[in-house]
Every structure is written in C-alpha cells, then in structure tokens.
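Notes follow the structure.
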Amino acid sequence: MLKLAWRNIVAKPGRSVAIVFAIAISVAMIFAMLSFKPTVHDYIYDTETAVSGMSDIKISTKSSSESRITEIAAPLSAIDGIENVVPSLTLYALVNGEYIQLRGFDTNSLCKLQNINVVDGSIDQIDAGSATDGHTDGIVISKRAAKHFRLGVRDRVVLSVGSVQTNFYIEAIADNDGYFLEDAPYQFIGNIYGVSRMILSNIQAHICNEIYIKVADGADVDAVIDSISAIDAYSTMLVERTGDETYIDAQTTSLTAPVVLAGAAVLVLSVAIIFLLFMMSENEKLALISKLGVIGATREQIFAMFVSESAILAIFGCLIGAGLAIGIFALIVKLTLSSVIALRFSAWRLSVAILLGFVSALISSVAPIARSFKGSIRENMLGAKRGGKLAMPITLVPAIVLLAVTESGVLSAPIRAVLSVVTLAMLFLALGCLLPVALRFVAKLASKAGPSTVRVAGLAV
C-alpha cells in the first residue's frame, strides 16, 4: 500500500507540491505564533532594562529635590537584603553638535549591571580608574556609535556640557547590546570621576545622580524600598523598582496582538488550502476505490493507503516547514521590531509546530477520504458523487477574514502589503471555485428549456 500511496503522490506532482508547500507554511506560522510573543517580551525587557541592567531598585533625583546630585550613600550599607550598590552619574553632552548620553560608573562597577562585550580595545583602565591614579578620561562606545561618529580606539573626542569642554579618549568599542542595545541617544560610558569633570572642578569629589541596587536572593524588594525611603538622605528622591513587569507585559501584548492575529489568519488560510487540495482529489479517490474494490482490496487496506499518502505529504511538508519557520520568523521580527535583536529559537516550540502541522494535515485529509467511502462500487464507478461543494466557502471565508484584518488599520504597512497579496489570491481562488457551481446552475437551466441541442449540452455538463 505504501507503493500505491507513493504512486498516487507522483502521479499528480503539481498538487502534491502545493499540499507540501501549504503544510510547510502552516508549520512555519505555528512556530512564528508560538515564538513571537516571548521574543517581543525579551526584546522589550532588554530595552527597558538596558540602563538598569540586573538591578532591582533605582534611586534618582526628582525635579523638586533641593539637590540634583546625591552623595554616594554610605547609609545603604546598613540596610539588610542589599547585595550590590552601583553609583552612576548620567549627563547629556554634545559631540559635534549632537546630543549623547554620558554615563560614569564608580571604580570596579562598570560591569556590575550589564556585561560589556568588547570587540576592540579594553575597558580595564576605565573600570579601574580612581581619583588618585588619573586614568579617568577613557570611554567605551558601541560599534553603532563608532560608525556614526567615525571614531576608533585611541581617538580623542571633545564632549561639551554648557560652556565646559572636556577631552576624552576612546578606550574600547563594544557590541550593540547591554547598555548599548537602544543607543538612542548614543551612549558614551566612562569612569564616574572622569564624567564628574564635566560639572565639577574638583576631581576628588565622589558624586552621582543615580544609584542602582541589586537585592539579595530571597529578599523582599518592597521592604528594601521602604527602608531606603525612610532614610533622610533619600526622602526627597525617587526610589522605584527597575524593569516594571506590568508595563512590559502591557507593551508586549499591544505589539504582538496584531501580528499574532495576522499569523492566525495566514494559518487558517493554509489549513483551508490543504483541505481544499485534498478535496480536489475526491473524484480520483472514488475511481481508485472502485478499481481496488473490484480486485479484492478491503476498505481497511484502501483507507490505510490514503492515510499513508497523506502522512507522506505531511512529513515532507513538516520537514520543509521546519527549515522555513526560522526564515519566516526572522522576517516577521525584522518587519515589526525597529532594532536589531538576537533571535532566540526554541527547539520545543519548533517540535510543537511540527506536531500540530502534521496532525492538522492528517485531519484535513480525513474528510475527503471519509466522503469517498460513502458510495458503493457502482456509484463510485459512475461518478455519482460530486466533490467540491465546500471549496467555495472554505476559500471565501478566510479571504473575508483576511480582508477585514488587512483593512482594520492595526497592522504595519509591510504586513498589510503581504496580507493584501494573500487576500487577493484567496479571492481569485474563491472565484475559481464559484465558476463550476455557476456553470452547473446555468447548464441545469439550459437542460430544461431552449432548443434540443442546448438541452443536450446542458445535460452533458
């Protein structure tokens, strides 16, 4: 029966390729729908925490504070549950007339919030700089910033804050991740003593305007926030959690909902096409059932052959879909997210997509197989059954759904363009399915009226 199943597949190569391609698209869309929301969540989380990194709490000045610059807070060491305290001084400066964000970190604190993946140079001197050793004029920038400002390692750059101009030197260039993920405006990161020179003449001053705190495992973040707020030095400052998960979840849902909706529409379209293609082979199945029944094949054997044929097509479709899934997912991410992010592919999500694609393909093939077994051998040989009654609604309904989604205005322009093409194709397909029905209706009318030749032609149709 496997040989017969294979012969049936190669006998209609065009339809077989179309079925395999539709199954592959369904697998790819299932994978994209399963992976898109977690990827967007990770992207938004990484973007929102690019500044705060692995910290749990941020202390910053309010516009109403008497002092915009806070002393490095020794009182924090007395609070239980604090693992790390990372002072930071953040300023906006000008480089060649363009604003950048200049951040300074305390000695040996450069990588406590985020890892810096250096691609050229070294950050050791920046991290070790202090008020006494004088090595405080080094900075690290991203590859994106280096390209934009045409800077390289050991190049001098002049930063301006108000009327103060200060020379800094590029010590390292890093990947566009971590602190530099968003880079809007561009980040220049150095030592807190060097950055302090932009606003104070005394380099011995140890100052900051942001303090990031990492809470120890098991500690209550809210309790630590309450303890910090109770200290007089911070009573007029903003003490808050970093990485607000509620906000991140809301942003994730807002961004992913239209894309997932479009993906669901394409998935429904793919399954409908698979079902339609299987339905198109119903008459062939009727004839084959008759032939095999005449030579003594049992219904169970014939059914096994048809299921084997569907399974073979589904296997090929799933294998191609597994490879196609990564490309389609990467394309969707590129069209919807503005920044370049590191894609994370999940093996278990791909496995689930393959399993669901395989099962949906088999289920789509069961209906025409079951319909083919309803008639007797004589009815099958006479072609008593006509398939395709469901073809038109199966194609028209998804086309209407796609049209509504496309015109809703919630999708980005590139996705609307893709869906418009798919919708147009579905409408043409629905029209093609409608034409035979219209032709049979006209033939039926012609068979009951008009000249004899017209009636004969109508009966033939």
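By convention in this document, the chains of the structure tokens carry letters A, B, ... by their order, each chain's residues are numbered from 1, and ligands are numbered from 1 in the order they are shown.
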Inset, instruction - Find the residues around stretch 30-37 of chain A up to 6 Å (only C-alpha atoms counted), leave out those fewer than 2 positions away in its own chain, and share them as a PyMOL selection string. - result: chain A and resi 27-28+39-40+256+260+329+350+353
Inset, instruction - Would you mind listing what lies within 8 Å of stretch 81-95 of chain A as a PyMOL selection string, with only C-alpha atoms counted and same-chain residues fewer than 6 positions away left out? - result: chain A and resi 72+101-106+109+112-113+157-161+192+195-196+207-216+219-220+224
Can you check which residues of stretch 69-189 of chain A DSSP gives as helix (DSSP H, G or I) on the backbone and send them as a short mmCIF file (atom, residue, chain, number, x, y, z; two decimals) with N, CA, C and O atoms, in the first residue's frame?
data_model
loop_
_atom_site.label_atom_id
_atom_site.label_comp_id
_atom_site.auth_asym_id
_atom_site.auth_seq_id
_atom_site.Cartn_x
_atom_site.Cartn_y
_atom_site.Cartn_z
N ALA A 74 26.52 56.06 51.85
CA ALA A 74 27.01 55.06 52.80
C ALA A 74 25.88 54.46 53.62
O ALA A 74 25.97 53.30 54.02
N PRO A 75 24.78 55.22 53.90
CA PRO A 75 23.70 54.63 54.70
C PRO A 75 23.10 53.36 54.11
O PRO A 75 22.49 52.56 54.82
N LEU A 76 23.26 53.14 52.82
CA LEU A 76 22.69 51.93 52.19
C LEU A 76 23.32 50.66 52.72
O LEU A 76 22.69 49.60 52.72
N SER A 77 24.55 50.76 53.16
CA SER A 77 25.24 49.56 53.65
C SER A 77 24.61 49.02 54.93
O SER A 77 24.83 47.85 55.29
N ALA A 78 23.82 49.83 55.59
CA ALA A 78 23.20 49.40 56.84
C ALA A 78 21.88 48.67 56.63
O ALA A 78 21.29 48.16 57.57
N ASP A 124 39.53 47.78 30.89
CA ASP A 124 40.15 47.59 32.21
C ASP A 124 40.57 48.91 32.83
O ASP A 124 40.36 49.14 34.03
N GLN A 125 41.18 49.78 32.04
CA GLN A 125 41.64 51.06 32.58
C GLN A 125 40.47 51.96 32.99
O GLN A 125 40.54 52.66 34.00
N ILE A 126 39.37 51.88 32.21
CA ILE A 126 38.18 52.68 32.57
C ILE A 126 37.62 52.20 33.90
O ILE A 126 37.30 53.00 34.78
N ASP A 127 37.52 50.88 34.05
CA ASP A 127 36.90 50.31 35.25
C ASP A 127 37.76 50.54 36.49
O ASP A 127 37.25 50.69 37.60
N ALA A 128 39.08 50.57 36.31
CA ALA A 128 39.98 50.69 37.47
C ALA A 128 40.27 52.14 37.82
O ALA A 128 40.91 52.41 38.85
N LYS A 143 29.64 49.86 18.63
CA LYS A 143 30.02 49.83 17.22
C LYS A 143 29.17 50.79 16.41
O LYS A 143 29.66 51.44 15.48
N ARG A 144 27.89 50.88 16.80
CA ARG A 144 26.98 51.77 16.08
C ARG A 144 27.42 53.23 16.24
O ARG A 144 27.44 54.00 15.26
N ALA A 145 27.80 53.60 17.46
CA ALA A 145 28.25 54.98 17.71
C ALA A 145 29.59 55.24 17.03
O ALA A 145 29.83 56.34 16.50
N ALA A 146 30.49 54.25 17.06
CA ALA A 146 31.80 54.42 16.43
C ALA A 146 31.66 54.67 14.93
O ALA A 146 32.35 55.52 14.36
N LYS A 147 30.72 53.95 14.31
CA LYS A 147 30.49 54.15 12.89
C LYS A 147 29.85 55.50 12.62
O LYS A 147 30.22 56.20 11.66
N HIS A 148 28.90 55.88 13.49
CA HIS A 148 28.18 57.14 13.28
C HIS A 148 29.11 58.34 13.41
O HIS A 148 29.06 59.27 12.58
N PHE A 149 29.97 58.33 14.45
CA PHE A 149 30.85 59.46 14.70
C PHE A 149 32.23 59.29 14.08
O PHE A 149 33.10 60.13 14.25
N GLY A 178 23.48 45.08 25.66
CA GLY A 178 23.68 45.55 27.02
C GLY A 178 23.30 47.02 27.16
O GLY A 178 22.21 47.44 26.78
N TYR A 179 24.23 47.82 27.69
CA TYR A 179 23.99 49.26 27.82
C TYR A 179 23.68 49.91 26.47
O TYR A 179 22.98 50.92 26.40
N PHE A 180 24.21 49.35 25.40
CA PHE A 180 24.13 49.97 24.08
C PHE A 180 23.02 49.39 23.21
O PHE A 180 23.00 49.63 22.00
#
Inset, instruction - Could you check how far atom CA of A:Ala325 sits from atom CA of A:Val352, in Å to one decimal? - result: 12.1 Å
Inset, instruction - Name the residues of stretch 27-174 of chain A that fall into strand (DSSP E) according to DSSP on the backbone, using the chain letters and numbers of this document, as a ChimeraX atom specification. - result: /A:57-60,70-71,82-95,98-105,118-121,138-142,156-161,164-174
Legend entry - Shortest interatomic distance to A:Val307 - which of A:Ala287, A:Ile116, A:Ala264, A:Val359, counting only C-alpha atoms: A:Val359
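Coordinates place atom CA of A:Lys58 at a distance of 13.7 Å from atom CA of A:Ser235.
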Legend entry - Best match for closeness to A:Gly152 among A:Gly121, A:Gly317, A:Gly293, A:Pro13, counting only C-alpha atoms: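 Checking each of A:Gly121, A:Gly317, A:Gly293, A:Pro13 against A:Gly152, counting only C-alpha atoms, the winner is A:Gly121.
Of the listed residues A:Ala370, A:Ala311, A:Ile295, A:Ile141, the one whose atoms come nearest to A:Trp6 is A:Ala311, with distances taken using only C-alpha atoms.
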